[in-house]
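The file work.cif comes next; it holds mmCIF, C-alpha atoms and all ligand atoms.
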```
data_structure
loop_
_atom_site.label_atom_id
_atom_site.label_comp_id
_atom_site.auth_asym_id
_atom_site.auth_seq_id
_atom_site.Cartn_x
_atom_site.Cartn_y
_atom_site.Cartn_z
CA MET J 20 115.88 82.39 97.34
CA ARG J 21 116.24 78.65 97.76
CA ALA J 22 119.68 77.11 97.51
CA ALA J 23 121.40 73.81 98.29
CA VAL J 24 123.95 74.34 101.07
CA LEU J 25 126.80 71.93 101.73
CA TYR J 26 127.72 72.30 105.41
CA GLN J 27 130.19 69.42 105.59
CA ALA J 28 131.71 66.91 103.19
CA ASN J 29 129.97 63.54 103.10
CA THR J 30 126.70 64.93 104.45
CA PRO J 31 123.63 65.70 102.34
CA MET J 32 123.22 69.24 101.03
CA GLN J 33 120.35 71.07 102.77
CA ILE J 34 117.78 73.08 100.86
CA GLU J 35 117.68 76.45 102.63
CA GLU J 36 116.21 79.94 102.25
CA VAL J 37 119.26 82.16 101.80
CA THR J 38 119.89 85.78 100.84
CA LEU J 39 122.13 86.92 98.00
CA ASP J 40 123.42 90.50 97.96
CA GLY J 41 123.79 91.52 94.30
CA PRO J 42 124.23 92.33 91.51
CA ARG J 43 126.91 94.99 92.08
CA ALA J 44 127.81 97.43 89.28
CA ASP J 45 129.92 94.96 87.25
CA GLU J 46 127.75 91.91 87.88
CA VAL J 47 124.76 90.13 86.40
CA LEU J 48 121.98 88.34 88.27
CA VAL J 49 120.75 85.23 86.46
CA ARG J 50 117.75 82.97 87.10
CA VAL J 51 119.19 79.48 86.78
CA GLY J 52 117.40 77.40 84.15
CA ALA J 53 119.47 74.24 84.47
CA THR J 54 122.68 73.29 86.24
CA GLY J 55 124.72 70.12 85.91
CA ALA J 56 125.91 67.68 88.52
CA CYS J 57 129.62 67.74 87.67
CA HIS J 58 132.35 65.66 89.24
CA SER J 59 134.14 68.86 90.31
CA ASP J 60 131.26 69.55 92.74
CA TYR J 61 131.41 65.91 93.76
CA HIS J 62 135.12 66.24 94.68
CA VAL J 63 134.06 68.77 97.33
CA ILE J 64 131.00 66.77 98.40
CA ASP J 65 133.00 63.57 98.94
CA GLY J 66 135.92 65.41 100.59
CA SER J 67 138.56 64.56 97.98
CA TRP J 68 139.11 68.28 97.46
CA ASN J 69 139.59 69.71 100.90
CA GLY J 70 141.63 72.32 102.73
CA PRO J 71 141.59 76.11 102.52
CA ARG J 72 140.84 76.28 98.78
CA TYR J 73 137.38 74.81 99.34
CA PRO J 74 135.83 76.47 102.39
CA LEU J 75 132.50 75.22 103.74
CA PRO J 76 129.65 75.82 104.23
CA ALA J 77 129.19 76.64 100.58
CA ILE J 78 126.72 76.70 97.73
CA LEU J 79 128.27 74.63 94.95
CA GLY J 80 127.30 74.47 91.26
CA HIS J 81 129.37 75.74 88.33
CA GLU J 82 127.84 74.23 85.14
CA ALA J 83 124.80 76.33 84.31
CA ALA J 84 122.67 78.36 81.98
CA GLY J 85 119.83 80.74 82.71
CA THR J 86 118.00 83.97 81.99
CA VAL J 87 119.28 87.41 82.90
CA GLU J 88 117.15 88.87 85.70
CA LYS J 89 119.04 92.10 86.37
CA VAL J 90 122.25 93.77 85.19
CA GLY J 91 124.55 96.00 87.24
CA ALA J 92 124.90 99.69 86.34
CA ASP J 93 128.23 99.28 84.49
CA VAL J 94 127.34 96.19 82.45
CA ARG J 95 127.00 96.65 78.69
CA GLY J 96 125.61 94.25 76.10
CA LEU J 97 123.26 92.27 78.31
CA GLU J 98 119.69 92.91 79.35
CA LYS J 99 116.89 91.33 81.32
CA GLY J 100 115.53 88.30 79.51
CA ASP J 101 118.73 87.35 77.65
CA ARG J 102 119.57 83.67 77.62
CA VAL J 103 123.10 83.11 78.91
CA ILE J 104 125.57 80.34 79.57
CA LEU J 105 127.57 80.96 82.72
CA SER J 106 131.35 80.64 82.80
CA PHE J 107 133.18 79.67 85.97
CA ALA J 108 136.35 81.49 84.92
CA PRO J 109 135.98 85.25 85.40
CA SER J 110 138.26 87.33 83.19
CA CYS J 111 139.26 90.97 83.66
CA GLY J 112 139.88 91.63 79.95
CA ARG J 113 143.05 93.60 80.71
CA CYS J 114 145.71 91.37 82.23
CA ARG J 115 148.45 89.70 80.20
CA MET J 116 146.63 86.35 80.07
CA CYS J 117 143.40 87.93 78.85
CA THR J 118 145.27 89.99 76.30
CA ILE J 119 147.21 87.09 74.77
CA GLY J 120 143.98 85.14 74.27
CA GLN J 121 143.96 82.91 77.35
CA PRO J 122 141.21 84.55 79.43
CA HIS J 123 140.52 81.25 81.22
CA LEU J 124 143.89 81.76 82.93
CA CYS J 125 143.16 85.39 83.86
CA ASN J 126 145.14 86.66 86.83
CA GLY J 127 143.82 90.19 86.78
CA PHE J 128 141.82 89.88 89.99
CA GLY J 129 144.91 89.34 92.15
CA SER J 130 145.20 86.47 94.61
CA ARG J 131 141.56 85.83 95.34
CA THR J 132 140.38 84.53 98.67
CA PRO J 133 138.88 81.07 98.09
CA GLY J 134 135.12 80.85 98.20
CA THR J 135 134.54 84.52 97.39
CA PHE J 136 133.30 86.63 94.50
CA VAL J 137 136.02 88.29 92.39
CA ASP J 138 135.90 91.36 94.65
CA GLY J 139 136.83 89.19 97.64
CA THR J 140 133.42 89.32 99.32
CA ARG J 141 130.98 86.63 100.39
CA ARG J 142 127.41 87.62 99.77
CA HIS J 143 125.30 84.54 100.38
CA ARG J 144 123.86 84.30 103.87
CA LYS J 145 121.74 81.90 105.81
CA GLY J 146 120.65 84.14 108.69
CA ASP J 147 123.93 85.45 110.16
CA LEU J 148 126.03 82.69 108.63
CA GLU J 149 128.12 83.64 105.60
CA LEU J 150 128.28 80.99 102.89
CA ALA J 151 131.20 80.44 100.52
CA CYS J 152 130.64 80.41 96.78
CA PHE J 153 132.01 78.18 94.05
CA GLY J 154 132.75 78.25 90.36
CA GLY J 155 134.18 81.76 90.13
CA GLY J 156 131.26 82.97 92.22
CA MET J 157 128.40 81.37 90.37
CA SER J 158 127.08 78.95 93.03
CA SER J 159 124.40 77.71 90.66
CA PHE J 160 122.73 75.17 92.97
CA ALA J 161 120.27 77.95 93.72
CA GLU J 162 117.35 79.72 92.09
CA LEU J 163 119.53 82.75 91.32
CA SER J 164 123.19 83.15 90.52
CA CYS J 165 125.16 86.39 90.61
CA VAL J 166 128.25 86.52 88.42
CA HIS J 167 130.93 88.91 87.17
CA HIS J 168 129.79 90.25 83.78
CA SER J 169 132.56 88.28 82.01
CA CYS J 170 130.85 85.09 83.20
CA ALA J 171 127.47 85.61 81.51
CA ILE J 172 127.70 84.87 77.80
CA LYS J 173 124.66 85.70 75.70
CA ILE J 174 123.53 82.91 73.37
CA ASN J 175 120.82 82.12 70.83
CA PRO J 176 117.51 82.28 72.79
CA GLU J 177 116.31 79.13 71.00
CA MET J 178 119.03 77.04 72.60
CA PRO J 179 117.42 74.68 75.15
CA MET J 180 118.46 75.36 78.74
CA THR J 181 119.65 71.81 79.40
CA GLY J 182 122.12 71.65 76.53
CA ALA J 183 123.22 75.20 77.26
CA ALA J 184 123.99 74.25 80.86
CA LEU J 185 126.19 71.36 79.71
CA ILE J 186 128.22 73.74 77.58
CA GLY J 187 128.97 75.67 80.78
CA CYS J 188 131.37 73.00 81.98
CA ALA J 189 131.51 69.40 80.69
CA VAL J 190 131.05 70.13 77.00
CA MET J 191 133.27 73.21 76.88
CA THR J 192 135.93 71.34 78.80
CA GLY J 193 135.83 68.11 76.79
CA VAL J 194 135.30 69.53 73.30
CA GLY J 195 137.73 72.36 74.08
CA ALA J 196 140.37 69.88 75.29
CA VAL J 197 140.36 68.42 71.78
CA LEU J 198 139.87 71.52 69.62
CA ASN J 199 141.63 74.20 71.69
CA THR J 200 144.08 72.56 74.08
CA ALA J 201 145.35 69.63 72.00
CA ARG J 202 144.35 70.93 68.55
CA VAL J 203 143.78 67.40 67.29
CA GLU J 204 144.23 67.28 63.52
CA PRO J 205 142.02 65.39 61.03
CA GLY J 206 142.96 61.72 60.81
CA ALA J 207 144.63 61.60 64.22
CA THR J 208 143.97 58.73 66.61
CA VAL J 209 142.48 59.53 70.01
CA ALA J 210 141.89 57.61 73.24
CA VAL J 211 139.68 58.91 76.06
CA PHE J 212 139.99 57.46 79.54
CA ALA J 213 136.70 57.88 81.49
CA THR J 214 133.51 58.70 79.65
CA GLY J 215 131.44 60.73 82.08
CA GLY J 216 130.18 64.19 81.14
CA VAL J 217 133.66 65.47 80.32
CA GLY J 218 134.93 62.29 78.60
CA LEU J 219 131.82 61.96 76.42
CA SER J 220 132.47 65.54 75.37
CA VAL J 221 136.06 64.62 74.49
CA VAL J 222 134.57 61.86 72.30
CA GLN J 223 132.36 64.43 70.59
CA GLY J 224 135.29 66.82 70.18
CA ALA J 225 137.31 64.06 68.54
CA VAL J 226 134.44 63.42 66.11
CA LEU J 227 134.25 67.15 65.31
CA ALA J 228 138.02 67.13 64.72
CA ASN J 229 137.66 64.21 62.28
CA ALA J 230 139.82 61.83 64.26
CA SER J 231 140.22 58.49 62.46
CA LYS J 232 139.89 56.40 65.61
CA VAL J 233 138.19 57.40 68.85
CA ILE J 234 138.85 54.79 71.53
CA ALA J 235 136.78 55.19 74.70
CA VAL J 236 137.84 53.56 77.98
CA ASP J 237 135.73 53.33 81.14
CA LEU J 238 134.91 50.84 83.87
CA LEU J 239 131.15 50.90 83.25
CA ASP J 240 129.47 49.38 80.19
CA ASN J 241 126.55 51.86 80.31
CA LYS J 242 129.04 54.73 79.92
CA LEU J 243 130.73 52.97 77.02
CA ALA J 244 127.37 52.53 75.31
CA HIS J 245 126.91 56.32 75.50
CA ALA J 246 130.42 56.77 74.10
CA ARG J 247 129.59 54.56 71.15
CA ASN J 248 126.32 56.44 70.52
CA LEU J 249 128.23 59.70 70.50
CA GLY J 250 130.82 58.54 67.99
CA ALA J 251 133.48 56.39 69.65
CA THR J 252 134.80 53.89 67.10
CA HIS J 253 136.08 51.45 69.75
CA THR J 254 135.25 50.92 73.42
CA ILE J 255 137.28 49.18 76.11
CA ASN J 256 136.10 48.21 79.56
CA ASN J 257 139.29 48.51 81.61
CA ARG J 258 138.21 46.41 84.58
CA ASP J 259 141.13 44.05 83.90
CA GLY J 260 143.61 46.92 83.42
CA GLU J 261 144.56 45.96 79.86
CA ALA J 262 143.46 49.18 78.14
CA VAL J 263 146.95 50.40 77.22
CA ALA J 264 147.83 47.07 75.57
CA GLU J 265 144.50 47.04 73.72
CA ILE J 266 145.01 50.62 72.52
CA ARG J 267 148.44 49.64 71.16
CA GLU J 268 146.89 46.68 69.36
CA LEU J 269 144.34 49.00 67.75
CA THR J 270 147.11 51.32 66.53
CA ASP J 271 149.61 48.89 64.94
CA GLY J 272 151.56 48.61 68.17
CA GLN J 273 152.33 52.34 68.14
CA GLY J 274 149.92 53.98 70.56
CA VAL J 275 147.49 56.81 69.84
CA ASP J 276 148.44 60.33 68.80
CA TYR J 277 146.44 61.83 71.70
CA ALA J 278 145.13 60.39 74.96
CA PHE J 279 142.89 62.27 77.38
CA ASP J 280 142.49 61.60 81.10
CA ALA J 281 138.92 62.64 81.88
CA ILE J 282 138.77 61.39 85.47
CA GLY J 283 141.82 62.77 87.30
CA ASN J 284 143.35 59.68 88.79
CA PRO J 285 147.19 59.58 88.74
CA ARG J 286 147.12 55.97 87.50
CA VAL J 287 144.84 56.94 84.64
CA SER J 288 147.07 59.94 83.82
CA ARG J 289 150.02 57.55 83.66
CA ALA J 290 148.03 55.16 81.45
CA CYS J 291 147.41 58.08 79.07
CA TYR J 292 151.14 58.74 78.94
CA ASP J 293 151.78 55.07 78.21
CA ALA J 294 149.00 54.87 75.61
CA VAL J 295 150.38 57.59 73.33
CA ARG J 296 152.91 56.89 70.58
CA ARG J 297 156.43 58.33 70.60
CA GLY J 298 155.92 62.05 70.04
CA GLY J 299 152.28 61.81 71.12
CA THR J 300 150.41 63.99 73.60
CA ALA J 301 148.72 63.06 76.87
CA VAL J 302 146.19 65.68 77.99
CA ILE J 303 145.22 65.70 81.66
CA VAL J 304 141.70 67.08 82.00
CA GLY J 305 140.41 65.24 85.06
CA MET J 306 141.26 66.78 88.41
CA ALA J 307 142.89 64.60 91.04
CA PRO J 308 142.39 64.67 94.83
CA THR J 309 144.18 67.43 96.78
CA GLY J 310 147.95 66.72 96.99
CA ALA J 311 148.09 63.96 94.36
CA GLU J 312 151.12 63.70 92.03
CA ILE J 313 151.58 62.05 88.65
CA SER J 314 154.75 60.08 87.95
CA ILE J 315 156.14 59.65 84.46
CA PRO J 316 159.26 57.79 83.30
CA ALA J 317 162.51 59.71 82.92
CA THR J 318 162.78 58.27 79.40
CA ILE J 319 160.55 61.14 78.25
CA PRO J 320 163.34 62.85 76.20
CA GLY J 321 163.79 59.83 73.94
CA GLU J 322 160.02 59.32 73.78
CA GLU J 323 159.45 62.99 73.00
CA LYS J 324 155.99 62.81 74.50
CA THR J 325 154.06 65.85 75.67
CA VAL J 326 152.03 65.96 78.87
CA LYS J 327 149.61 68.86 78.86
CA GLY J 328 147.13 70.16 81.41
CA CYS J 329 143.74 71.39 80.28
CA PHE J 330 141.69 73.89 82.27
CA TYR J 331 138.14 74.47 81.04
CA GLY J 332 138.99 73.38 77.48
CA SER J 333 141.30 76.41 77.15
CA THR J 334 138.11 78.37 76.58
CA ARG J 335 137.57 81.86 75.32
CA PRO J 336 133.90 81.82 76.35
CA VAL J 337 132.80 84.70 74.11
CA VAL J 338 134.09 82.79 71.08
CA ASP J 339 133.50 79.21 72.14
CA PHE J 340 130.08 79.18 73.83
CA PRO J 341 128.16 80.52 70.81
CA ARG J 342 130.21 78.22 68.55
CA LEU J 343 129.18 75.16 70.58
CA VAL J 344 125.57 76.37 70.53
CA ASP J 345 125.80 76.51 66.71
CA PHE J 346 127.27 73.00 66.59
CA TYR J 347 124.24 71.82 68.59
CA MET J 348 121.72 73.79 66.50
CA ASN J 349 123.22 72.32 63.32
CA GLY J 350 123.00 68.77 64.65
CA ARG J 351 126.74 68.23 65.03
CA LEU J 352 126.94 68.25 68.81
CA LYS J 353 124.66 65.76 70.54
CA LEU J 354 123.63 67.28 73.83
CA ASP J 355 120.13 65.86 74.30
CA GLN J 356 121.64 62.36 74.36
CA MET J 357 123.90 63.45 77.24
CA VAL J 358 121.05 64.61 79.49
CA THR J 359 119.97 61.34 80.99
CA LYS J 360 117.89 62.76 83.83
CA THR J 361 116.71 66.06 85.31
CA TYR J 362 116.12 66.67 89.01
CA LYS J 363 114.39 69.29 91.14
CA LEU J 364 116.52 71.26 93.58
CA ALA J 365 115.10 69.19 96.43
CA GLU J 366 116.40 66.06 94.68
CA ILE J 367 119.97 67.32 94.35
CA ASN J 368 121.46 64.71 96.68
CA GLU J 369 119.91 62.02 94.50
CA ALA J 370 121.56 63.57 91.44
CA PHE J 371 124.96 63.29 93.12
CA ALA J 372 124.33 59.78 94.40
CA ALA J 373 123.59 58.85 90.77
CA LEU J 374 126.83 60.54 89.70
CA GLY J 375 128.74 58.52 92.30
CA ARG J 376 127.26 55.29 90.97
CA GLY J 377 127.77 56.35 87.34
CA ASP J 378 124.07 56.00 86.43
CA ASN J 379 123.73 59.01 84.11
CA ALA J 380 125.64 60.39 81.15
CA ARG J 381 124.82 63.69 82.85
CA GLY J 382 122.23 64.57 85.47
CA LEU J 383 120.88 68.12 85.52
CA ILE J 384 119.12 70.08 88.25
CA GLU J 385 116.39 72.62 87.46
CA PRO J 386 116.41 74.89 90.53
CA ASN J 387 113.32 76.82 89.43
CA GLY J 388 111.40 73.76 88.31
CA SER J 389 108.38 72.81 90.37
N1 LIG J 401 140.00 70.48 83.61
C1 LIG J 401 138.85 71.07 83.87
O1 LIG J 401 138.71 72.28 83.68
C2 LIG J 401 137.71 70.26 84.35
C3 LIG J 401 136.39 70.70 84.14
C4 LIG J 401 135.34 69.87 84.54
C5 LIG J 401 135.59 68.70 85.19
N2 LIG J 401 136.88 68.34 85.41
C6 LIG J 401 137.21 67.08 86.05
O2 LIG J 401 137.00 66.04 85.10
C7 LIG J 401 136.76 64.82 85.80
C8 LIG J 401 135.54 64.14 85.22
O3 LIG J 401 134.37 64.89 85.52
P1 LIG J 401 132.95 64.36 85.02
O4 LIG J 401 131.97 65.34 85.52
O5 LIG J 401 133.01 63.98 83.62
O6 LIG J 401 132.83 63.02 85.89
P2 LIG J 401 131.67 61.90 85.85
O7 LIG J 401 131.45 61.49 87.25
O8 LIG J 401 130.55 62.36 85.00
O9 LIG J 401 132.39 60.71 85.05
C9 LIG J 401 133.50 60.05 85.55
C10 LIG J 401 133.68 58.78 84.73
O10 LIG J 401 134.92 58.17 85.10
C11 LIG J 401 134.77 56.78 85.06
N3 LIG J 401 135.92 56.23 85.79
C12 LIG J 401 136.17 56.29 87.12
N4 LIG J 401 137.36 55.72 87.39
C13 LIG J 401 137.87 55.30 86.20
C14 LIG J 401 139.07 54.64 85.82
N5 LIG J 401 139.98 54.30 86.73
N6 LIG J 401 139.25 54.35 84.52
C15 LIG J 401 138.33 54.68 83.59
N7 LIG J 401 137.18 55.32 83.89
C16 LIG J 401 136.96 55.63 85.19
C17 LIG J 401 133.40 56.58 85.67
O11 LIG J 401 132.87 55.30 85.38
C18 LIG J 401 132.62 57.71 84.99
O12 LIG J 401 132.08 57.29 83.76
C19 LIG J 401 136.66 65.20 87.27
O13 LIG J 401 137.92 65.01 87.90
C20 LIG J 401 136.35 66.68 87.23
O14 LIG J 401 136.74 67.36 88.40
C21 LIG J 401 137.93 69.07 84.98
ZN ZN J 402 132.44 70.96 86.03
ZN ZN J 403 142.52 89.01 82.93
#
```
Would you kindly transcribe this structure into structure tokens?
Amino acid sequence: MRAAVLYQANTPMQIEEVTLDGPRADEVLVRVGATGACHSDYHVIDGSWNGPRYPLPAILGHEAAGTVEKVGADVRGLEKGDRVILSFAPSCGRCRMCTIGQPHLCNGFGSRTPGTFVDGTRRHRKGDLELACFGGGMSSFAELSCVHHSCAIKINPEMPMTGAALIGCAVMTGVGAVLNTARVEPGATVAVFATGGVGLSVVQGAVLANASKVIAVDLLDNKLAHARNLGATHTINNRDGEAVAEIRELTDGQGVDYAFDAIGNPRVSRACYDAVRRGGTAVIVGMAPTGAEISIPATIPGEEKTVKGCFYGSTRPVVDFPRLVDFYMNGRLKLDQMVTKTYKLAEINEAFAALGRGDNARGLIEPNGS
């Protein structure tokens, strides 16, 4: 099959013929319909995530939807032709985390070797060269993706591939940050720092939660225009660094109930902390460069603020993916407006250059498109 291989950070991905050994008994092989250019891939591409956790060469890609091509012998409930959204968080279904309802934090596969499938193997090859995988094994910047059965979630076959792919990462993460991680209540005030794919989904989550104010902050006016279209009540371009003061002004000097960092920059995380009212909650969704730390004032006891991490919108994919599909089908989740541009596999480096410049709400790659 054809796949985009990243040999080294800060070099273009190469489109190569590679082999993929799978599916094994507990796996599913999926033909990728659409896959998003997410900033988490970009962190590896631009070298800001480096070290042993992100081995190269690798096939990246972790936001995807597709059609089941083949199921392993032990897989139940899926068959060839099913439309699926892929999850990048494999879950064993038996460990303590899975059992208490936090399968996204599953630790049932033991300490996994980075860049491998859940069974610890690497099964993509370019000739004799073994390639690492990404996104819990999915490596969706390829015509085919082989995933653990827990990572292929069957959805309504009428759901368009592009919107389905977005649910696989940005939308699940952003909407889930609001509904699952923070549990924003109706009438609450919300600020979102950074309105890329994830932040625009936080905006949409806040609308679904009936927040009374949804204040979007970015550095690019085109992103803020998307935020407004998707339901932000106020937008702030933070090029002059005054966002926290402006958020206070918009909330009677108090600060918002919830602020979300959707870029993963320690200064932005700190701004979220500063932008919430006493007793408010700052949710850190964006992922910072390797080794970064966030500093917060030691006055936190008197402020009684909460700082919360959010991984993958605290998803339970089997529950949440079909629910987000329904929200889209019923016109309450605007996914078509988020797909600014689609690219062929051969154009993947262009998709990421556009992400770096902030051109698109979301760019999507169609690896099987001609
Ligand atoms: N927690 C998770 O499970 C999870 C899942 C997916 C992505 N992420 C992370 O979320 C972050 C965002 O991903 P994305 O795909 O939405 O990115 P994106 O590239 O689509 O958007 C990033 C946005 O941030 C804006 N921005 C950059 N610096 C800013 C600043 N200082 N202040 C305000 N806005 C700023 C850009 O203009 C852009 O609009 C990344 O760090 C990514 O790794 C986390
Ligand atoms: Zn992602
Ligand atoms: Zn588990």
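Closest approach to Val190 in chain J among J:Thr140, J:Thr334, J:Gln33, J:Asn379: J:Thr334, based on only C-alpha atoms.
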Write as a PyMOL selection string the residues around ligand ZN 402 (chain J), taking 9 Å as the cut-off and counting all atoms listed in the file.
-> chain J and resi 55-60+80-82+107+154+185+187-189+192+216-217+331
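Those protein and nucleic acid residues that have any atom within 9 Å of ligand ZN 403 (chain J) are, using all atoms listed in the file, Pro109, Ser110, Cys111, Gly112, Arg113, Cys114, Arg115, Met116, Cys117, Thr118, Gln121, Pro122, His123, Leu124, Cys125, Asn126, Gly127 and Phe128 of chain J.
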Generate the output file for the selected residues, C-alpha atoms, as an mmCIF file, in the coordinates of the input.
```cif
data_model
loop_
_atom_site.group_PDB
_atom_site.id
_atom_site.type_symbol
_atom_site.label_atom_id
_atom_site.label_comp_id
_atom_site.auth_asym_id
_atom_site.auth_seq_id
_atom_site.Cartn_x
_atom_site.Cartn_y
_atom_site.Cartn_z
ATOM 1 C CA PRO J 109 135.980 85.250 85.400
ATOM 2 C CA SER J 110 138.260 87.330 83.190
ATOM 3 C CA CYS J 111 139.260 90.970 83.660
ATOM 4 C CA GLY J 112 139.880 91.630 79.950
ATOM 5 C CA ARG J 113 143.050 93.600 80.710
ATOM 6 C CA CYS J 114 145.710 91.370 82.230
ATOM 7 C CA ARG J 115 148.450 89.700 80.200
ATOM 8 C CA MET J 116 146.630 86.350 80.070
ATOM 9 C CA CYS J 117 143.400 87.930 78.850
ATOM 10 C CA THR J 118 145.270 89.990 76.300
ATOM 11 C CA GLN J 121 143.960 82.910 77.350
ATOM 12 C CA PRO J 122 141.210 84.550 79.430
ATOM 13 C CA HIS J 123 140.520 81.250 81.220
ATOM 14 C CA LEU J 124 143.890 81.760 82.930
ATOM 15 C CA CYS J 125 143.160 85.390 83.860
ATOM 16 C CA ASN J 126 145.140 86.660 86.830
ATOM 17 C CA GLY J 127 143.820 90.190 86.780
ATOM 18 C CA PHE J 128 141.820 89.880 89.990
#
```
Dump the neighbourhood of ligand LIG 401 (chain J) as a PyMOL selection string: all residues within 7 Å, distances computed on all atoms listed in the file.
-> chain J and resi 57-59+62+188-189+192+212-218+236-239+242+257+281-284+287+304-307+329-332+374-375+377+380-381
Kindly give the distance, in Å, that separates CA of Ala108 in chain J and CA of Val90 in chain J, rounded to a single decimal.
->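 Pair CA of Ala108 in chain J / CA of Val90 in chain J returns 18.7 Å.
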Within 10 Å of Val233 in chain J, counting only C-alpha atoms, which residues show up once you throw out same-chain ones fewer than 5 positions away? Write them as a PyMOL selection string, please.
-> chain J and resi 207-211+221-226+246-247+250-254+275+277-278
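The smallest atom-to-atom distance between Ile64 in chain J and any of J:Asn368, J:Thr359, J:Thr325, J:Ser159, using all atoms listed in the file, is found for J:Asn368.
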One decimal, Å: what's the distance from CA of Asn69 in chain J over to CA of Leu39 in chain J, could you say?
->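 Result for CA of Asn69 in chain J versus CA of Leu39 in chain J: 24.7 Å, one decimal.
Distance annotation: of J:Thr86, J:Gly146, J:Asp276, J:Ser288, the residue with the minimal separation from Gly206 in chain J is J:Asp276; atom set is only C-alpha atoms.
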Sphere at (119.0, 69.6, 83.6), radius 6 Å, counting only C-alpha atoms: residues as a PyMOL selection string | chain J and resi 53-54+181+361+383-385
Please indicate the distance in Å from CA of Leu105 in chain J to CA of Ala235 in chain J, rounded to one decimal place.
->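 The value is 28.5 Å.
When only C-alpha atoms are used to compute distances to Glu88 in chain J, the closest of the residues J:Pro336, J:Gly41, J:Gly129, J:Gly182 turns out to be J:Gly41.
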